[in-house]
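Structure data (CSV, C-alpha atoms) from my_file.csv:
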chain,number,residue,atom,x,y,z
K,15,MET,CA,-33.6,-32.2,15.5
K,16,PRO,CA,-33.9,-30.0,12.5
K,17,ASP,CA,-36.0,-27.3,14.3
K,18,LYS,CA,-34.9,-25.4,17.3
K,19,TYR,CA,-37.6,-25.0,20.0
K,20,SER,CA,-37.7,-22.7,23.0
K,21,LEU,CA,-38.2,-24.2,26.4
K,22,ALA,CA,-39.2,-20.8,27.7
K,23,LYS,CA,-42.1,-20.8,25.2
K,24,CYS,CA,-43.1,-24.3,26.3
K,25,GLU,CA,-43.2,-23.0,29.9
K,26,HIS,CA,-45.1,-19.9,28.9
K,27,TYR,CA,-47.8,-22.0,27.2
K,28,GLY,CA,-47.8,-24.4,30.2
K,29,ARG,CA,-48.7,-21.5,32.5
K,30,ARG,CA,-51.4,-20.2,30.3
K,31,LEU,CA,-53.0,-23.7,29.8
K,32,ALA,CA,-52.7,-24.5,33.5
K,33,SER,CA,-54.5,-21.2,34.4
K,34,ARG,CA,-57.3,-22.0,31.9
K,35,LEU,CA,-57.8,-25.6,33.0
K,36,SER,CA,-57.7,-24.6,36.7
K,37,GLN,CA,-60.3,-21.9,36.1
K,38,GLN,CA,-62.5,-24.3,34.2
K,39,PHE,CA,-62.5,-26.7,37.1
K,40,PHE,CA,-62.1,-24.6,40.2
K,41,GLY,CA,-63.8,-21.4,39.1
K,42,PRO,CA,-67.4,-22.6,40.0
K,43,GLN,CA,-66.1,-24.5,43.1
K,44,PRO,CA,-63.1,-22.6,44.6
K,45,GLU,CA,-62.9,-25.0,47.7
K,46,ALA,CA,-62.8,-28.2,45.6
K,47,THR,CA,-59.8,-30.6,45.8
K,48,LEU,CA,-58.6,-33.4,43.7
K,49,ASP,CA,-57.6,-36.9,44.8
K,50,GLY,CA,-55.4,-39.5,43.0
K,51,PRO,CA,-58.1,-40.9,40.6
K,52,ALA,CA,-59.2,-37.4,39.6
K,53,LEU,CA,-55.6,-36.4,38.9
K,54,LEU,CA,-55.1,-39.4,36.6
K,55,LYS,CA,-57.9,-38.1,34.4
K,56,PHE,CA,-57.8,-34.4,35.0
K,57,THR,CA,-56.8,-33.6,31.3
K,58,PRO,CA,-57.3,-35.8,28.2
K,59,ILE,CA,-53.5,-35.9,27.8
K,60,ARG,CA,-52.4,-38.8,29.9
K,61,GLN,CA,-48.7,-37.7,29.9
K,62,VAL,CA,-49.6,-34.4,31.6
K,63,ASN,CA,-51.5,-36.3,34.3
K,64,LEU,CA,-48.6,-38.7,34.9
K,65,LEU,CA,-46.1,-35.9,35.2
K,66,VAL,CA,-48.2,-34.2,37.8
K,67,LEU,CA,-48.0,-37.4,39.9
K,68,ARG,CA,-44.3,-37.6,39.2
K,69,GLN,CA,-43.8,-34.2,40.7
K,70,LEU,CA,-45.7,-35.3,43.8
K,71,LEU,CA,-43.4,-38.3,44.1
K,72,GLY,CA,-40.4,-35.9,43.9
K,73,ARG,CA,-41.8,-33.6,46.6
K,74,TRP,CA,-42.4,-36.6,48.9
K,75,GLN,CA,-38.9,-37.8,48.4
K,76,GLN,CA,-37.6,-34.4,49.4
K,77,GLU,CA,-39.8,-34.4,52.5
K,78,ALA,CA,-38.6,-37.9,53.4
K,79,ASN,CA,-34.9,-36.9,53.0
K,80,ALA,CA,-35.6,-33.9,55.3
K,81,LEU,CA,-36.7,-36.4,58.0
K,82,ARG,CA,-33.3,-37.9,58.1
K,83,SER,CA,-31.3,-37.2,61.2
K,84,PRO,CA,-27.7,-38.2,62.4
K,85,TYR,CA,-29.2,-39.4,65.6
K,86,PHE,CA,-31.2,-42.3,64.1
K,87,ASP,CA,-30.4,-45.2,61.8
K,88,PHE,CA,-32.5,-44.6,58.8
K,89,GLU,CA,-30.9,-47.5,56.9
K,90,ALA,CA,-32.2,-50.1,59.5
K,91,ALA,CA,-34.6,-52.6,57.9
K,92,PRO,CA,-37.5,-51.8,60.2
K,93,VAL,CA,-37.1,-48.1,59.6
K,94,ARG,CA,-37.0,-48.5,55.9
K,95,ALA,CA,-40.0,-50.7,55.9
K,96,ALA,CA,-42.0,-48.3,58.1
K,97,LEU,CA,-41.1,-45.4,55.8
K,98,GLY,CA,-42.1,-47.4,52.8
K,99,GLN,CA,-45.4,-48.2,54.3
K,100,PHE,CA,-45.9,-44.6,55.3
K,101,MET,CA,-45.3,-43.5,51.7
K,102,ASN,CA,-47.8,-46.1,50.4
K,103,VAL,CA,-50.5,-44.8,52.9
K,104,LEU,CA,-49.7,-41.2,52.0
K,105,SER,CA,-50.0,-41.9,48.3
K,106,ARG,CA,-53.6,-43.0,48.9
K,107,HIS,CA,-54.5,-39.7,50.4
K,108,ILE,CA,-53.6,-37.1,47.7
K,109,ARG,CA,-55.5,-33.9,48.0
K,110,LEU,CA,-54.7,-30.8,45.9
K,111,ASP,CA,-56.5,-27.5,45.8
K,112,ARG,CA,-56.0,-24.9,43.0
K,113,ALA,CA,-53.0,-23.2,44.6
K,114,ALA,CA,-51.2,-26.5,44.9
K,115,LEU,CA,-52.2,-28.0,41.5
K,116,GLU,CA,-51.8,-25.1,39.1
K,117,PRO,CA,-47.9,-24.8,39.3
K,118,LEU,CA,-47.6,-28.6,39.1
K,119,LEU,CA,-49.9,-28.6,36.1
K,120,ALA,CA,-48.0,-25.8,34.3
K,121,GLN,CA,-44.7,-27.7,34.7
K,122,ALA,CA,-46.2,-31.0,33.6
K,123,VAL,CA,-47.5,-29.3,30.4
K,124,ALA,CA,-44.1,-27.7,29.7
K,125,ASP,CA,-42.3,-31.1,30.3
K,126,THR,CA,-44.7,-32.9,28.0
K,127,LEU,CA,-43.9,-30.4,25.2
K,128,ALA,CA,-40.2,-30.8,26.0
K,129,LEU,CA,-40.4,-34.5,25.5
K,130,ALA,CA,-41.4,-33.8,21.9
K,131,THR,CA,-39.4,-30.7,21.1
K,132,SER,CA,-36.2,-31.2,23.3
K,133,PRO,CA,-35.7,-34.8,24.2
K,134,ALA,CA,-32.2,-34.1,25.7
K,135,ASP,CA,-33.6,-31.6,28.1
K,136,ALA,CA,-36.5,-33.9,28.9
K,137,PHE,CA,-34.0,-36.7,29.6
K,138,GLU,CA,-32.1,-34.5,32.0
K,139,ARG,CA,-35.2,-33.4,33.9
K,140,LEU,CA,-37.5,-36.5,33.8
K,141,LEU,CA,-35.3,-39.6,33.6
K,142,LEU,CA,-32.3,-38.6,35.7
K,143,PRO,CA,-32.8,-38.0,39.5
K,144,PRO,CA,-32.8,-34.4,40.5
K,145,ALA,CA,-29.3,-33.0,40.7
K,146,GLU,CA,-28.2,-31.5,44.0
K,147,ALA,CA,-25.9,-28.4,44.3
K,148,GLU,CA,-22.9,-30.6,44.9
K,149,THR,CA,-23.7,-33.2,42.2
K,150,THR,CA,-20.8,-34.1,39.9
K,151,ALA,CA,-20.7,-36.0,36.6
K,152,ASP,CA,-19.3,-39.0,38.5
K,153,GLU,CA,-22.4,-39.3,40.7
K,154,ALA,CA,-23.7,-42.9,40.3
K,155,VAL,CA,-27.3,-43.3,39.2
K,156,PRO,CA,-28.8,-46.8,39.8
K,157,LEU,CA,-30.4,-48.3,36.7
K,158,SER,CA,-33.4,-49.3,39.0
K,159,THR,CA,-34.0,-45.5,39.4
K,160,LEU,CA,-34.2,-45.0,35.6
K,161,ARG,CA,-36.6,-47.9,35.3
K,162,ASP,CA,-38.7,-46.5,38.1
K,163,TYR,CA,-39.0,-43.1,36.5
K,164,LEU,CA,-40.1,-44.8,33.2
K,165,ARG,CA,-43.4,-45.6,34.9
K,166,TYR,CA,-44.3,-41.9,34.5
K,167,PHE,CA,-43.7,-41.9,30.7
K,168,ASP,CA,-46.5,-42.3,28.2
K,169,GLN,CA,-45.5,-40.2,25.2
K,170,ALA,CA,-42.3,-41.5,23.6
K,171,LYS,CA,-42.0,-44.3,26.2
K,172,PRO,CA,-40.7,-46.9,23.8
K,173,PHE,CA,-37.9,-44.5,22.7
K,174,PHE,CA,-36.7,-43.9,26.3
K,175,GLU,CA,-37.2,-47.6,27.2
K,176,GLY,CA,-34.9,-48.4,24.3
K,177,PHE,CA,-32.2,-46.2,25.7
K,178,VAL,CA,-32.4,-47.7,29.2
K,179,GLU,CA,-32.2,-51.2,27.7
K,180,SER,CA,-29.2,-50.2,25.6
K,181,LEU,CA,-27.2,-49.5,28.8
K,182,PRO,CA,-24.6,-52.0,30.2
K,183,ILE,CA,-26.5,-54.6,32.3
K,184,ASP,CA,-23.4,-55.7,34.2
K,185,GLN,CA,-23.3,-52.5,36.2
K,186,PRO,CA,-26.1,-51.7,38.7
K,187,ALA,CA,-25.3,-48.0,38.6
K,188,LEU,CA,-23.7,-45.6,36.0
K,189,GLY,CA,-22.2,-42.2,36.3
K,190,ARG,CA,-24.4,-39.2,35.6
K,191,GLY,CA,-21.9,-37.8,33.0
K,192,PHE,CA,-21.7,-41.1,31.3
K,193,LEU,CA,-25.5,-41.3,31.0
K,194,GLN,CA,-25.7,-37.8,29.6
K,195,GLN,CA,-23.1,-38.6,27.0
K,196,ARG,CA,-24.6,-41.9,26.1
K,197,PHE,CA,-28.1,-40.4,25.6
K,198,THR,CA,-26.6,-37.8,23.3
K,199,GLN,CA,-25.3,-40.6,21.1
K,200,TYR,CA,-28.5,-42.6,21.3
K,201,LEU,CA,-30.6,-39.5,20.4
K,202,ALA,CA,-28.4,-38.9,17.3
K,203,ALA,CA,-28.8,-42.5,16.1
K,204,HIS,CA,-32.5,-43.0,17.0
K,205,ALA,CA,-34.2,-39.5,16.6
K,206,PRO,CA,-36.4,-40.8,13.7
K,207,GLU,CA,-38.1,-43.1,16.3
K,208,LEU,CA,-39.5,-40.2,18.3
K,209,PRO,CA,-43.3,-39.6,17.8
K,210,ALA,CA,-44.3,-36.9,15.4
K,211,LEU,CA,-45.0,-33.5,17.0
K,212,GLY,CA,-48.2,-32.8,15.1
K,213,PRO,CA,-50.6,-35.2,17.0
K,214,LEU,CA,-49.5,-33.8,20.3
K,215,LEU,CA,-50.0,-30.2,19.2
K,216,ALA,CA,-53.5,-31.1,18.1
K,217,GLU,CA,-54.3,-32.5,21.5
K,218,PHE,CA,-53.1,-29.4,23.2
K,219,GLY,CA,-54.7,-27.2,20.6
K,220,ALA,CA,-58.1,-28.6,21.5
K,221,LEU,CA,-57.6,-27.2,25.0
K,222,LEU,CA,-55.8,-23.9,24.1
K,223,PRO,CA,-54.7,-23.0,20.5
K,224,LEU,CA,-51.1,-24.0,19.8
K,225,THR,CA,-49.0,-24.3,16.6
K,226,GLU,CA,-45.4,-25.4,16.0
K,227,ALA,CA,-44.4,-21.9,15.2
K,228,ASP,CA,-45.5,-20.8,18.7
K,229,LEU,CA,-42.8,-23.0,20.2
K,230,GLN,CA,-39.9,-22.3,17.8
K,231,ASP,CA,-37.0,-20.0,18.8
K,232,GLU,CA,-37.4,-17.8,15.7
K,233,ALA,CA,-41.1,-17.1,16.4
K,234,PRO,CA,-41.8,-14.0,18.5
K,235,ALA,CA,-43.2,-14.8,21.9
K,236,LYS,CA,-46.9,-14.3,22.5
K,237,SER,CA,-46.4,-11.1,24.5
K,238,ALA,CA,-48.3,-8.5,22.5
K,239,PRO,CA,-50.3,-8.2,19.3
K,240,VAL,CA,-48.1,-7.3,16.2
K,241,ALA,CA,-49.7,-5.1,13.6
K,242,SER,CA,-49.2,-5.9,9.9
K,243,PRO,CA,-47.1,-3.4,8.0
K,244,ALA,CA,-49.0,-0.9,5.9
K,245,PRO,CA,-48.9,-1.3,2.1
K,246,PRO,CA,-46.4,0.9,0.2
K,247,PRO,CA,-47.9,4.2,-0.9
K,248,ALA,CA,-46.6,3.8,-4.4
K,249,GLU,CA,-48.6,0.6,-4.9
K,250,PRO,CA,-52.1,1.3,-3.6
K,251,ALA,CA,-53.6,-1.8,-5.2
K,252,ARG,CA,-51.1,-4.2,-3.6
K,253,ALA,CA,-52.0,-6.0,-0.4
K,254,PRO,CA,-49.9,-5.4,2.6
K,255,GLU,CA,-47.1,-7.8,3.3
K,256,PRO,CA,-48.1,-10.4,5.9
K,257,ALA,CA,-46.5,-10.4,9.4
K,258,PRO,CA,-43.7,-12.9,9.7
K,259,THR,CA,-45.6,-15.0,12.2
K,260,PRO,CA,-49.2,-14.4,13.4
K,261,VAL,CA,-49.1,-13.7,17.1
K,262,ALA,CA,-52.0,-13.7,19.5
K,263,ALA,CA,-52.2,-11.6,22.6
K,264,PRO,CA,-51.3,-13.5,25.8
K,265,SER,CA,-54.4,-12.5,27.7
K,266,ILE,CA,-57.3,-14.9,27.6
K,267,PRO,CA,-60.6,-13.2,26.7
K,268,PRO,CA,-63.2,-13.3,29.3
K,269,ALA,CA,-65.8,-16.1,29.0
K,270,PRO,CA,-69.3,-15.1,27.9
K,271,PRO,CA,-72.0,-15.6,30.5
K,272,ALA,CA,-72.8,-19.2,30.7
K,273,PRO,CA,-76.5,-20.3,30.6
K,274,ALA,CA,-78.0,-21.7,33.7
K,275,SER,CA,-77.8,-25.3,32.5
K,276,ALA,CA,-74.2,-25.2,31.4
K,277,SER,CA,-71.7,-27.4,33.1
K,278,ALA,CA,-69.7,-25.8,35.8
K,279,ALA,CA,-66.4,-27.1,34.4
K,280,THR,CA,-66.9,-25.0,31.2
K,281,ALA,CA,-66.9,-21.5,32.8
K,282,VAL,CA,-63.9,-20.4,30.8
K,283,ALA,CA,-64.3,-20.4,27.0
K,284,PRO,CA,-61.4,-21.6,24.8
K,285,GLU,CA,-59.8,-19.2,22.3
K,286,PRO,CA,-61.2,-19.5,19.8
K,287,ALA,CA,-64.4,-21.4,20.9
K,288,SER,CA,-64.3,-25.0,20.0
K,289,PRO,CA,-66.7,-27.9,20.5
K,290,ALA,CA,-63.8,-30.0,21.9
K,291,THR,CA,-63.4,-27.6,24.8
K,292,GLU,CA,-67.0,-27.1,25.6
K,293,ALA,CA,-67.2,-30.3,27.6
K,294,PRO,CA,-65.7,-30.9,31.1
K,295,LEU,CA,-62.2,-32.3,31.1
K,296,TYR,CA,-63.4,-35.6,32.6
K,297,ALA,CA,-66.0,-36.0,29.9
K,298,LYS,CA,-63.5,-35.4,27.2
K,299,LEU,CA,-61.3,-38.1,28.5
K,300,LYS,CA,-64.1,-40.5,28.8
K,301,ALA,CA,-65.1,-39.9,25.2
K,302,THR,CA,-61.5,-40.9,24.1
K,303,GLN,CA,-61.4,-44.2,26.0
K,304,PRO,CA,-62.0,-47.3,23.9
K,305,SER,CA,-65.1,-49.3,24.8
K,306,THR,CA,-64.9,-53.0,25.6
K,307,PRO,CA,-68.4,-54.4,25.3
K,308,HIS,CA,-67.3,-58.0,25.6
K,309,LEU,CA,-65.7,-57.3,29.0
K,310,ALA,CA,-68.8,-55.3,30.1
K,311,ASP,CA,-70.9,-58.4,29.3
K,312,THR,CA,-68.6,-60.5,31.4
K,313,LEU,CA,-68.8,-58.0,34.3
K,314,ARG,CA,-72.6,-57.9,34.1
K,315,GLY,CA,-72.8,-61.7,34.0
K,316,ALA,CA,-70.5,-62.0,37.0
K,317,ALA,CA,-72.5,-59.5,39.0
K,318,GLY,CA,-75.9,-60.8,37.9
K,319,GLY,CA,-75.2,-64.5,38.2
K,320,ALA,CA,-73.7,-64.4,41.6
K,321,SER,CA,-75.8,-65.7,44.5
K,322,PRO,CA,-76.5,-63.3,47.4
K,323,LEU,CA,-73.7,-63.1,49.8
K,324,ALA,CA,-75.9,-64.0,52.8
K,325,GLU,CA,-76.7,-67.3,51.2
K,326,ARG,CA,-73.1,-68.2,51.0
K,327,ALA,CA,-72.2,-67.1,54.5
K,328,VAL,CA,-69.2,-65.1,53.3
K,329,PRO,CA,-68.1,-62.5,55.8
K,330,LYS,CA,-68.7,-58.9,54.8
K,331,VAL,CA,-65.7,-56.5,54.5
K,332,THR,CA,-65.7,-52.9,55.5
K,333,SER,CA,-62.8,-51.7,53.4
K,334,LEU,CA,-61.5,-53.0,50.1
K,335,ARG,CA,-58.0,-51.8,51.0
K,336,GLU,CA,-57.9,-53.8,54.2
K,337,ALA,CA,-59.7,-56.8,52.7
K,338,ILE,CA,-57.2,-57.3,49.9
K,339,SER,CA,-54.4,-59.6,51.0
K,340,ILE,CA,-50.8,-58.9,50.2
K,341,ASN,CA,-50.7,-61.6,47.6
K,342,GLN,CA,-53.9,-60.3,46.0
K,343,ARG,CA,-52.6,-56.8,46.1
K,344,PHE,CA,-49.5,-57.7,44.1
K,345,SER,CA,-51.6,-59.8,41.8
K,346,PHE,CA,-54.0,-56.9,41.1
K,347,ILE,CA,-51.1,-54.4,40.6
K,348,ASN,CA,-49.3,-56.6,38.2
K,349,GLU,CA,-52.2,-58.1,36.3
K,350,LEU,CA,-54.8,-55.3,36.3
K,351,PHE,CA,-52.7,-52.1,36.6
K,352,ASN,CA,-49.6,-53.1,34.6
K,353,GLY,CA,-47.4,-52.7,37.6
K,354,GLU,CA,-48.5,-49.2,38.4
K,355,ASN,CA,-48.6,-49.1,42.2
K,356,MET,CA,-50.0,-45.6,42.5
K,357,GLU,CA,-52.8,-46.2,40.0
K,358,TYR,CA,-53.9,-49.3,41.9
K,359,HIS,CA,-54.0,-47.5,45.2
K,360,ALA,CA,-55.9,-44.5,43.7
K,361,ALA,CA,-58.5,-46.9,42.2
K,362,ILE,CA,-59.0,-48.9,45.4
K,363,GLN,CA,-59.2,-45.6,47.4
K,364,HIS,CA,-61.9,-44.3,45.0
K,365,LEU,CA,-63.8,-47.6,45.2
K,366,ASP,CA,-63.9,-47.4,49.0
K,367,THR,CA,-65.5,-44.0,48.8
K,368,LEU,CA,-68.4,-45.1,46.5
K,369,PRO,CA,-71.8,-45.5,48.3
K,370,THR,CA,-73.3,-48.5,46.5
K,371,ALA,CA,-72.3,-51.8,44.8
K,372,GLU,CA,-73.9,-50.5,41.6
K,373,ALA,CA,-71.7,-47.4,41.6
K,374,ALA,CA,-68.6,-49.4,42.4
K,375,THR,CA,-69.3,-52.0,39.6
K,376,ALA,CA,-70.0,-49.2,37.1
K,377,TYR,CA,-66.7,-47.6,38.0
K,378,VAL,CA,-64.9,-50.9,37.4
K,379,GLN,CA,-66.8,-51.6,34.2
K,380,GLN,CA,-66.9,-48.1,32.6
K,381,GLU,CA,-63.7,-46.6,33.8
K,382,LEU,CA,-61.1,-49.1,35.0
K,383,ALA,CA,-61.8,-51.9,32.6
K,384,ALA,CA,-61.8,-49.6,29.5
K,385,HIS,CA,-58.8,-47.6,30.5
K,386,HIS,CA,-56.5,-50.6,31.4
K,387,ASP,CA,-57.9,-53.0,28.8
K,388,TRP,CA,-59.1,-55.8,31.0
K,389,SER,CA,-60.7,-57.8,28.2
K,390,LEU,CA,-58.4,-60.7,28.8
K,391,LYS,CA,-58.3,-60.4,32.6
K,392,GLN,CA,-61.7,-61.8,33.6
K,393,GLU,CA,-60.3,-64.1,36.3
K,394,HIS,CA,-58.7,-61.2,38.2
K,395,VAL,CA,-61.6,-58.8,37.5
K,396,GLY,CA,-64.0,-61.5,38.9
K,397,LYS,CA,-61.9,-61.6,42.2
K,398,LEU,CA,-62.2,-57.8,42.5
K,399,LEU,CA,-65.9,-57.9,41.9
K,400,LYS,CA,-66.4,-60.5,44.6
K,401,LEU,CA,-64.6,-58.3,47.0
K,402,ILE,CA,-66.9,-55.4,46.0
K,403,GLU,CA,-69.9,-57.6,46.5
K,404,ARG,CA,-68.7,-58.6,50.0
K,405,LYS,CA,-68.1,-54.9,50.9
K,406,PHE,CA,-71.7,-53.9,50.1
K,407,ALA,CA,-73.5,-57.1,51.3
K,408,GLY,CA,-76.6,-56.2,53.3
K,409,ALA,CA,-76.1,-52.5,52.6
What's the structure tokens form of this structure?
Amino acid sequence: MPDKYSLAKCEHYGRRLASRLSQQFFGPQPEATLDGPALLKFTPIRQVNLLVLRQLLGRWQQEANALRSPYFDFEAAPVRAALGQFMNVLSRHIRLDRAALEPLLAQAVADTLALATSPADAFERLLLPPAEAETTADEAVPLSTLRDYLRYFDQAKPFFEGFVESLPIDQPALGRGFLQQRFTQYLAAHAPELPALGPLLAEFGALLPLTEADLQDEAPAKSAPVASPAPPPAEPARAPEPAPTPVAAPSIPPAPPAPASASAATAVAPEPASPATEAPLYAKLKATQPSTPHLADTLRGAAGGASPLAERAVPKVTSLREAISINQRFSFINELFNGENMEYHAAIQHLDTLPTAEAATAYVQQELAAHHDWSLKQEHVGKLLKLIERKFAGA
């Protein structure tokens, strides 16, 4: 790439932004926690949210490996099936407080910036499995692992998918060193296909000011204000020379006292103040989601035209998660959630916590349908709505 960017500056910005967003959300409610659905929309930048979830997956894999013991056969089919089921259950019960979320959020921001500014480093960190101390270049990496990690890519996903598809398909696993060398060649040939940096900087800048110069190696780090040099005494009328790069102080100015009616999620003001950062993070994301009125009409028609459950003598269900059969679950994951297992479980978990059928239907219509573009999935949406109707029958 023509410009050289600093990963250290990406990490520095990530820590600052994570601190700001955490203060906005947790400041008024220090004991609050976030579950899976909340994590998926915590920031308006979807890639950041996905990389937080990816880190949780990595932590769980480390914990699962720590369970292994030489006294038990962890490769036995029943054991592997039980561990897989345990992981699925655990993934539906995510709970993060500020202390747990903030470092994950900081790393996710830095990795999102690295995807745009240093694809080779991002490939090493985000697409290859974590390297152990004894890892060698000959360590075999299954192609299925690469495809699994691609589920957490949103920004530049077609570029990295193209790399994986370019690999030899007759080998189920390839050496780590081979993959690194192959990616270097692929990057040199396909770098123009990477998304432009500008739109991403604009998204981040709406949350905390950021320019391309702030991330470049030659730009001074935001560690202290730099004064402009004084004008030469021999030329009093001449303006002083500008500083090479305008640099802002790293500290975030305290927020002005918020009025009593202000949202709790806006306790920390942006620098500088901007209308885009006045609203809560969830509200900002909702404003960016495309509306699908034709599907909303379909949903309303399905809900309004259905006969009462009691008249049809259909048994009530107490939990959507338990009522959905294995075949239905795979159908919903593939058709409604584009194969994203964690997003499916997070959505069903959230639906099970809602108190009324109206709230559940509104969540399907206003959040899930718009986010996943269910405009052509009425059949599967109708099945989900019928399950919701059964859950709240007689409530």
Selected residue of minimal separation from Ser105 of chain K among K:Gln169, K:Asn352, K:Gln75, K:Ser20, counting all atoms listed in the file =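 Residue with the minimum atom-to-atom distance to Ser105 of chain K: K:Gln75.
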Residues at most 12 Å from Asn348 of chain K, counting only C-alpha atoms, excluding those fewer than 4 positions away in the same chain, as a list in words?
->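 Counting only C-alpha atoms, the residues come to Asn341, Gln342, Arg343, Phe344, Asn352, Gly353, Glu354, Asn355, Met356, Glu357, Tyr358, His386, Lys391 and His394 of chain K.
In this structure, atom CA of Leu382 of chain K sits 15.5 Å away from atom CA of Leu401 of chain K.
Nearest residue to Pro223 of chain K, choosing from K:Leu350, K:Leu31, K:Tyr19, K:Ala114 and counting only C-alpha atoms: K:Leu31.
We find atom CA of Gln363 of chain K and atom CA of Gln380 of chain K to be spaced 16.9 Å apart.
Atom pair atom CA of Pro133 of chain K / atom CA of Leu119 of chain K: separated by 19.5 Å.
Using only C-alpha atoms, the smallest distance between any of K:Ser180, K:Asn63, K:Gln121, K:Ser339 and Cys24 of chain K comes from K:Gln121.
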Hey, what's within 12 Å of Pro209 of chain K if we count all atoms listed in the file and toss same-chain stuff fewer than 5 positions away? As a VMD selection string, please?
-> chain K and resid 127 129 to 131 133 168 to 174 204 214 to 215
Could you name the residues that touch Pro143 of chain K at 10 Å or less, counting all atoms listed in the file, but leaving out those on the same chain fewer than 6 positions away, as a PyMOL selection string?
-> chain K and resi 72+155-156+159-160+163+190
